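Reproduced below: entry.txt, with compact mmCIF, C-alpha atoms and all ligand atoms.
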```txt
# COMPACT_ATOMS: atom_id res chain seq x y z
CA MET A 267 -11.37 -16.02 -9.22
CA SER A 268 -9.38 -14.95 -12.25
CA VAL A 269 -5.61 -14.76 -11.86
CA ASN A 270 -3.74 -14.31 -15.11
CA LYS A 271 -1.35 -17.30 -14.90
CA GLU A 272 0.24 -16.26 -18.21
CA VAL A 273 1.94 -13.46 -16.32
CA LYS A 274 5.02 -15.00 -14.73
CA ARG A 275 6.15 -11.79 -13.10
CA VAL A 276 4.11 -8.61 -12.83
CA THR A 277 6.01 -5.53 -14.00
CA THR A 278 5.07 -1.88 -14.38
CA ASN A 279 4.53 -2.68 -18.05
CA THR A 280 2.07 -5.44 -17.14
CA LEU A 281 -0.01 -2.86 -15.26
CA LEU A 282 -0.08 -0.53 -18.27
CA LYS A 283 -1.22 -3.43 -20.46
CA MET A 284 -3.89 -4.38 -17.90
CA LYS A 285 -5.30 -0.87 -18.01
CA ALA A 286 -5.29 -0.87 -21.81
CA ALA A 287 -7.09 -4.24 -21.79
CA GLY A 288 -9.61 -3.08 -19.17
CA GLU A 289 -8.36 -5.68 -16.66
CA LYS A 290 -8.61 -4.46 -13.05
CA ILE A 291 -5.45 -4.36 -10.94
CA SER A 292 -5.48 -5.87 -7.43
CA MET A 293 -3.17 -4.44 -4.79
CA LEU A 294 -2.83 -5.06 -1.04
CA THR A 295 -0.34 -3.96 1.55
CA ALA A 296 2.01 -6.39 3.29
CA TYR A 297 4.83 -5.82 5.72
CA ASP A 298 6.32 -9.22 6.47
CA PHE A 299 7.48 -12.46 4.86
CA SER A 300 4.62 -14.75 5.92
CA PHE A 301 1.72 -12.57 4.79
CA ALA A 302 3.58 -11.55 1.62
CA LYS A 303 3.86 -15.26 0.78
CA ILE A 304 0.10 -15.80 1.31
CA ILE A 305 -0.88 -12.69 -0.66
CA ASP A 306 1.51 -13.32 -3.55
CA GLY A 307 0.56 -17.01 -3.61
CA ALA A 308 -3.11 -16.04 -3.84
CA GLY A 309 -2.35 -14.20 -7.08
CA ILE A 310 -2.30 -10.49 -6.19
CA ASP A 311 -0.89 -8.17 -8.86
CA VAL A 312 0.86 -5.66 -6.59
CA ILE A 313 2.03 -5.65 -2.98
CA LEU A 314 2.52 -2.26 -1.41
CA VAL A 315 4.92 -2.15 1.53
CA GLY A 316 2.99 0.82 2.84
CA ASP A 317 4.10 3.30 5.44
CA SER A 318 0.80 2.27 7.06
CA ALA A 319 3.23 -0.17 8.75
CA SER A 320 3.68 2.75 11.11
CA ASN A 321 0.03 2.29 12.18
CA VAL A 322 -0.69 -1.41 11.86
CA MET A 323 2.72 -2.88 12.68
CA ALA A 324 4.18 -0.32 15.09
CA GLY A 325 0.99 1.05 16.65
CA HIS A 326 1.62 4.73 15.89
CA GLU A 327 -1.33 7.04 15.36
CA THR A 328 0.03 8.40 12.05
CA THR A 329 2.41 7.31 9.29
CA LEU A 330 4.88 10.05 10.14
CA PRO A 331 7.17 8.29 12.66
CA ILE A 332 8.26 5.33 10.50
CA THR A 333 11.86 5.64 9.31
CA LEU A 334 13.59 4.72 6.07
CA ASP A 335 15.53 1.96 7.90
CA GLN A 336 12.27 0.50 9.22
CA MET A 337 10.66 0.60 5.74
CA ILE A 338 13.73 -1.17 4.38
CA TYR A 339 13.40 -3.90 7.02
CA HIS A 340 9.72 -4.47 6.11
CA ALA A 341 10.45 -4.45 2.37
CA GLN A 342 13.33 -6.94 2.74
CA SER A 343 10.98 -9.32 4.57
CA VAL A 344 8.22 -8.95 1.97
CA ILE A 345 10.54 -9.50 -0.99
CA ARG A 346 11.63 -12.86 0.44
CA GLY A 347 8.03 -14.04 0.30
CA VAL A 348 7.24 -12.94 -3.25
CA ASP A 349 7.60 -14.79 -6.56
CA ARG A 350 5.16 -13.11 -8.93
CA CYS A 351 3.74 -9.75 -7.93
CA LEU A 352 5.19 -6.27 -8.33
CA VAL A 353 6.46 -4.85 -5.03
CA VAL A 354 6.11 -1.11 -4.38
CA VAL A 355 7.65 0.47 -1.29
CA ASP A 356 6.52 3.74 0.28
CA LEU A 357 9.18 6.38 0.70
CA PRO A 358 8.46 7.43 4.30
CA PHE A 359 7.84 10.95 5.55
CA GLY A 360 11.07 12.95 5.68
CA SER A 361 12.94 10.78 3.20
CA TYR A 362 12.10 12.81 0.05
CA GLN A 363 10.40 16.13 0.85
CA SER A 364 13.47 18.25 1.60
CA ASN A 365 15.28 18.05 -1.74
CA SER A 366 15.61 15.87 -4.81
CA ASP A 367 19.14 14.62 -3.98
CA ILE A 368 17.95 13.28 -0.64
CA ALA A 369 14.89 11.82 -2.35
CA LEU A 370 17.05 9.99 -4.90
CA ALA A 371 19.40 8.71 -2.18
CA SER A 372 16.39 7.34 -0.24
CA ALA A 373 14.93 5.64 -3.33
CA ILE A 374 18.32 4.13 -4.19
CA ARG A 375 18.64 2.70 -0.68
CA ILE A 376 15.23 1.05 -1.03
CA MET A 377 16.06 -0.46 -4.42
CA LYS A 378 19.59 -1.60 -3.47
CA GLU A 379 18.94 -2.89 0.05
CA THR A 380 15.55 -4.56 -0.46
CA GLY A 381 15.34 -5.84 -4.03
CA ALA A 382 11.92 -4.17 -4.38
CA HIS A 383 10.75 -3.09 -7.82
CA SER A 384 9.51 0.47 -7.31
CA VAL A 385 8.75 3.24 -4.83
CA LYS A 386 5.64 5.27 -4.01
CA MET A 387 5.59 8.96 -3.12
CA GLU A 388 2.80 11.19 -1.88
CA GLY A 389 2.00 14.53 -3.54
CA GLY A 390 1.98 16.28 -6.91
CA GLN A 391 3.61 19.55 -7.95
CA GLU A 392 5.32 19.94 -4.54
CA VAL A 393 7.48 16.84 -5.00
CA ILE A 394 7.75 16.81 -8.78
CA ASP A 395 11.51 17.55 -8.91
CA SER A 396 12.19 14.59 -6.66
CA ILE A 397 9.97 12.30 -8.74
CA LYS A 398 11.70 13.43 -11.95
CA LYS A 399 15.12 12.73 -10.48
CA ILE A 400 14.15 9.27 -9.23
CA VAL A 401 12.49 8.32 -12.53
CA SER A 402 15.59 9.56 -14.43
CA ALA A 403 17.69 7.20 -12.33
CA GLY A 404 15.61 4.31 -13.69
CA ILE A 405 13.51 3.76 -10.59
CA PRO A 406 9.77 3.30 -11.25
CA VAL A 407 7.59 5.65 -9.20
CA MET A 408 3.95 5.24 -8.20
CA GLY A 409 2.26 8.56 -7.33
CA HIS A 410 -0.31 9.09 -4.57
CA LEU A 411 -2.91 11.90 -4.61
CA GLY A 412 -6.05 12.85 -2.71
CA LEU A 413 -5.84 12.01 0.97
CA ILE A 414 -2.11 11.79 1.53
CA PRO A 415 -1.61 10.62 5.12
CA GLN A 416 1.92 12.03 5.44
CA SER A 417 0.26 15.50 5.29
CA ILE A 418 -2.36 14.72 7.93
CA TYR A 419 -1.32 17.66 10.13
CA LYS A 420 -1.80 20.01 7.16
CA PHE A 421 -5.28 18.59 6.40
CA GLY A 422 -6.29 18.19 10.06
CA THR A 423 -8.64 15.25 9.34
CA TYR A 424 -8.88 12.00 7.37
CA ALA A 425 -12.07 13.24 5.64
CA VAL A 426 -12.72 12.88 1.88
CA ARG A 427 -10.46 15.20 -0.18
CA ALA A 428 -11.06 17.23 -3.35
CA LYS A 429 -14.77 17.77 -2.83
CA GLU A 430 -14.29 21.47 -3.62
CA GLU A 431 -13.55 22.50 -7.21
CA VAL A 432 -10.23 24.23 -6.41
CA GLU A 433 -8.78 21.08 -4.86
CA ALA A 434 -10.33 18.86 -7.54
CA GLU A 435 -8.70 20.99 -10.25
CA LYS A 436 -5.31 20.77 -8.53
CA LEU A 437 -5.71 17.00 -8.34
CA ARG A 438 -6.50 16.78 -12.09
CA LYS A 439 -3.38 18.85 -12.87
CA ASP A 440 -1.21 16.88 -10.47
CA ALA A 441 -2.38 13.57 -11.97
CA SER A 442 -1.48 14.68 -15.47
CA LEU A 443 1.86 16.04 -14.25
CA LEU A 444 2.71 12.74 -12.56
CA GLN A 445 1.97 10.92 -15.81
CA GLU A 446 4.04 13.44 -17.77
CA VAL A 447 7.14 12.97 -15.58
CA GLY A 448 6.94 9.19 -15.90
CA CYS A 449 5.02 7.74 -12.94
CA PHE A 450 3.76 4.28 -13.86
CA ALA A 451 0.56 4.45 -11.75
CA ILE A 452 -1.19 6.70 -9.24
CA VAL A 453 -2.98 5.84 -6.01
CA LEU A 454 -6.13 7.94 -5.57
CA GLU A 455 -7.13 7.96 -1.91
CA LYS A 456 -10.50 9.02 -0.52
CA ILE A 457 -11.78 11.34 -3.24
CA PRO A 458 -15.26 11.51 -4.83
CA ALA A 459 -15.92 8.58 -7.17
CA ASP A 460 -16.88 10.89 -10.07
CA LEU A 461 -13.57 12.73 -9.88
CA ALA A 462 -11.62 9.45 -9.71
CA LYS A 463 -13.55 8.21 -12.75
CA GLU A 464 -12.75 11.37 -14.71
CA VAL A 465 -9.05 11.31 -13.77
CA SER A 466 -8.76 7.58 -14.54
CA ALA A 467 -10.31 8.09 -17.98
CA SER A 468 -7.97 11.00 -18.72
CA LEU A 469 -4.76 9.03 -18.08
CA MET A 470 -2.87 6.31 -19.96
CA ILE A 471 -1.32 5.08 -16.70
CA PRO A 472 -3.48 3.14 -14.23
CA THR A 473 -5.09 4.61 -11.13
CA ILE A 474 -5.39 2.47 -8.01
CA GLY A 475 -8.21 3.59 -5.75
CA ILE A 476 -8.79 3.38 -2.02
CA GLY A 477 -12.09 5.00 -1.13
CA ALA A 478 -12.23 6.42 -4.65
CA GLY A 479 -15.01 4.33 -6.21
CA GLY A 480 -15.23 1.50 -8.69
CA ASP A 481 -14.02 3.28 -11.82
CA CYS A 482 -10.35 3.35 -10.88
CA ASP A 483 -8.19 0.89 -12.82
CA GLY A 484 -7.43 -1.05 -9.67
CA GLN A 485 -8.09 -1.15 -5.94
CA VAL A 486 -5.88 -1.25 -2.87
CA LEU A 487 -6.68 -1.99 0.78
CA VAL A 488 -4.57 -2.24 3.88
CA MET A 489 -4.21 -5.96 4.61
CA HIS A 490 -4.91 -5.59 8.34
CA ASP A 491 -8.21 -3.82 7.60
CA MET A 492 -9.55 -6.25 4.98
CA LEU A 493 -8.58 -9.31 7.01
CA GLY A 494 -10.18 -7.87 10.16
CA ILE A 495 -6.97 -7.87 12.17
CA ASN A 496 -7.82 -4.28 13.09
CA THR A 497 -11.38 -3.98 14.21
CA GLU A 498 -11.56 -0.34 15.28
CA PHE A 499 -11.00 1.07 11.77
CA LYS A 500 -14.24 0.79 9.79
CA PRO A 501 -14.43 3.48 7.10
CA ARG A 502 -17.25 3.25 4.55
CA PHE A 503 -14.90 2.22 1.73
CA LEU A 504 -13.59 -0.83 3.60
CA ARG A 505 -14.87 -4.31 2.81
CA GLN A 506 -13.79 -6.74 5.55
CA TYR A 507 -13.25 -10.26 4.18
CA LEU A 508 -12.38 -12.02 7.42
CA ASN A 509 -12.45 -11.38 11.16
CA ILE A 510 -9.00 -12.55 12.20
CA HIS A 511 -9.23 -10.52 15.40
CA GLU A 512 -12.20 -12.56 16.59
CA GLN A 513 -10.85 -15.90 15.35
CA ALA A 514 -7.37 -15.32 16.77
CA THR A 515 -8.81 -14.22 20.12
CA LYS A 516 -10.87 -17.42 20.32
CA ALA A 517 -7.86 -19.56 19.36
CA VAL A 518 -5.66 -17.91 22.00
CA GLN A 519 -8.39 -18.30 24.67
CA HIS A 520 -8.71 -21.97 23.72
CA TYR A 521 -4.94 -22.44 24.04
CA ILE A 522 -4.86 -20.68 27.45
CA SER A 523 -7.64 -22.88 28.71
CA ASP A 524 -5.91 -26.05 27.41
CA VAL A 525 -2.65 -25.06 29.14
CA LYS A 526 -4.39 -24.24 32.40
CA SER A 527 -6.38 -27.48 32.40
CA GLY A 528 -3.35 -29.61 31.51
CA ASP A 529 -5.02 -30.76 28.29
CA PHE A 530 -2.09 -29.39 26.25
CA PRO A 531 0.27 -31.05 25.52
CA ASN A 532 -1.22 -34.55 25.33
CA ASP A 533 0.69 -37.84 24.90
CA ASN A 534 0.99 -37.36 21.12
CA GLU A 535 2.34 -33.86 21.49
CA GLN A 536 5.50 -34.78 23.42
CA TYR A 537 8.71 -36.81 22.92
O1 LIG B 1 0.63 3.13 3.30
C1 LIG B 1 -0.39 2.64 2.77
O2 LIG B 1 -0.92 1.61 3.18
C2 LIG B 1 -0.95 3.34 1.61
C3 LIG B 1 -2.25 2.84 1.08
C4 LIG B 1 -3.36 3.29 1.96
C5 LIG B 1 -2.46 3.26 -0.32
O3 LIG B 1 -0.37 4.28 1.15
```

As structure tokens:
Amino acid sequence: MSVNKEVKRVTTNTLLKMKAAGEKISMLTAYDFSFAKIIDGAGIDVILVGDSASNVMAGHETTLPITLDQMIYHAQSVIRGVDRCLVVVDLPFGSYQSNSDIALASAIRIMKETGAHSVKMEGGQEVIDSIKKIVSAGIPVMGHLGLIPQSIYKFGTYAVRAKEEVEAEKLRKDASLLQEVGCFAIVLEKIPADLAKEVSASLMIPTIGIGAGGDCDGQVLVMHDMLGINTEFKPRFLRQYLNIHEQATKAVQHYISDVKSGDFPNDNEQY
């Protein structure tokens, strides 16, 4: 495994340099102190405190219900577990879409109350005024195009986006607009690999793909999916590296059986 130990602290600038040098960027989500410590300690470049916390931590069907206060709680916990990686926090649904003043106030709360290093926002042209305002305030913004889960009720499905030329063209324009207004990176979610390759090659800033093929400048997965904590979610783009669900179930069953049989605690496990 190659972790660049020269990099003491990953910054938005580090990511730009990595793209220029052709070094891939690794990103995973995390929502709490303990997993953030494991993921950062393993050498990840970026942790995303994703609004997917709404799904995997709170059990909601969509990302829409999670609040700004809840995102702040998750981000505060993550930050305490991190020494090296860049931490990006999702601005949740409703915290930036209505107007740019509200968007800036939400981003400022995240930066002030959590100590995180940047925010992520979904959308292109529609939210550009808010992104401009946040960037002007000195807050780094990661964009997010393609399948944007906060708009799930507009799309109606979680299917691959931008397969049709009209949507692909809008995505190309949005990507270049996001770069123009100062975003430091863009997540490309669930779009055709050829389109992601073209967009990645056209930008100076890095793209981070999820279901967008191998030619993005980096990759992101939801931690619960890649560690097999969730077992129901198995999209084609997901590589599962562990089956924690199975292992944890076995461990808990073992514990229950030890308690019931009186095997736990034994003489060495008491005072
Ligand atoms: O919230 C999230 O986990 C995300 C990733 C899927 C990119 O936005």

Listing only residues of chain A within 7 Å of ligand LIG 1 (chain B), what is the closest atom pair and its distance in Å (to one decimal) for each, using all atoms listed in the file, sorted by chain and residue number ascending, as JSON lines?
```
{"residue": "A:Thr295", "atom": "CA", "partner": "B:LIG1", "partner_atom": "O2", "distance": 5.8}
{"residue": "A:Leu314", "atom": "CA", "partner": "B:LIG1", "partner_atom": "O2", "distance": 6.9}
{"residue": "A:Gly316", "atom": "CA", "partner": "B:LIG1", "partner_atom": "O1", "distance": 3.3}
{"residue": "A:Asp317", "atom": "CA", "partner": "B:LIG1", "partner_atom": "O1", "distance": 4.1}
{"residue": "A:Ser318", "atom": "CA", "partner": "B:LIG1", "partner_atom": "O1", "distance": 3.9}
{"residue": "A:Ala319", "atom": "CA", "partner": "B:LIG1", "partner_atom": "O1", "distance": 6.9}
{"residue": "A:Asp356", "atom": "CA", "partner": "B:LIG1", "partner_atom": "O1", "distance": 6.6}
{"residue": "A:Val453", "atom": "CA", "partner": "B:LIG1", "partner_atom": "C5", "distance": 6.3}
{"residue": "A:Glu455", "atom": "CA", "partner": "B:LIG1", "partner_atom": "C5", "distance": 6.8}
{"residue": "A:Ile476", "atom": "CA", "partner": "B:LIG1", "partner_atom": "C5", "distance": 6.6}
{"residue": "A:Val486", "atom": "CA", "partner": "B:LIG1", "partner_atom": "C5", "distance": 6.2}
{"residue": "A:Leu487", "atom": "CA", "partner": "B:LIG1", "partner_atom": "C4", "distance": 6.3}
{"residue": "A:Val488", "atom": "CA", "partner": "B:LIG1", "partner_atom": "O2", "distance": 5.4}
```

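What separates atom CA of Arg438 of chain A from atom CA of Gln416 of chain A is a distance of 20.0 Å.
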
Skip Gln336 of chain A itself and residues of its chain fewer than 5 positions away, then list as a PyMOL selection string all residues within 10 Å of it, counting all atoms listed in the file. chain A and resi 317+319-320+331+341-342+358

A straight line from atom CA of Glu498 of chain A to atom CA of Ala428 of chain A spans 25.6 Å

Proximity to Thr380 of chain A - best of A:Met408, A:Val276, A:Ile338, A:Val348, all atoms listed in the file: A:Ile338

One number please: atom CA of Tyr419 of chain A to atom CA of Gly360 of chain A, in Å, one decimal. 14.0 Å
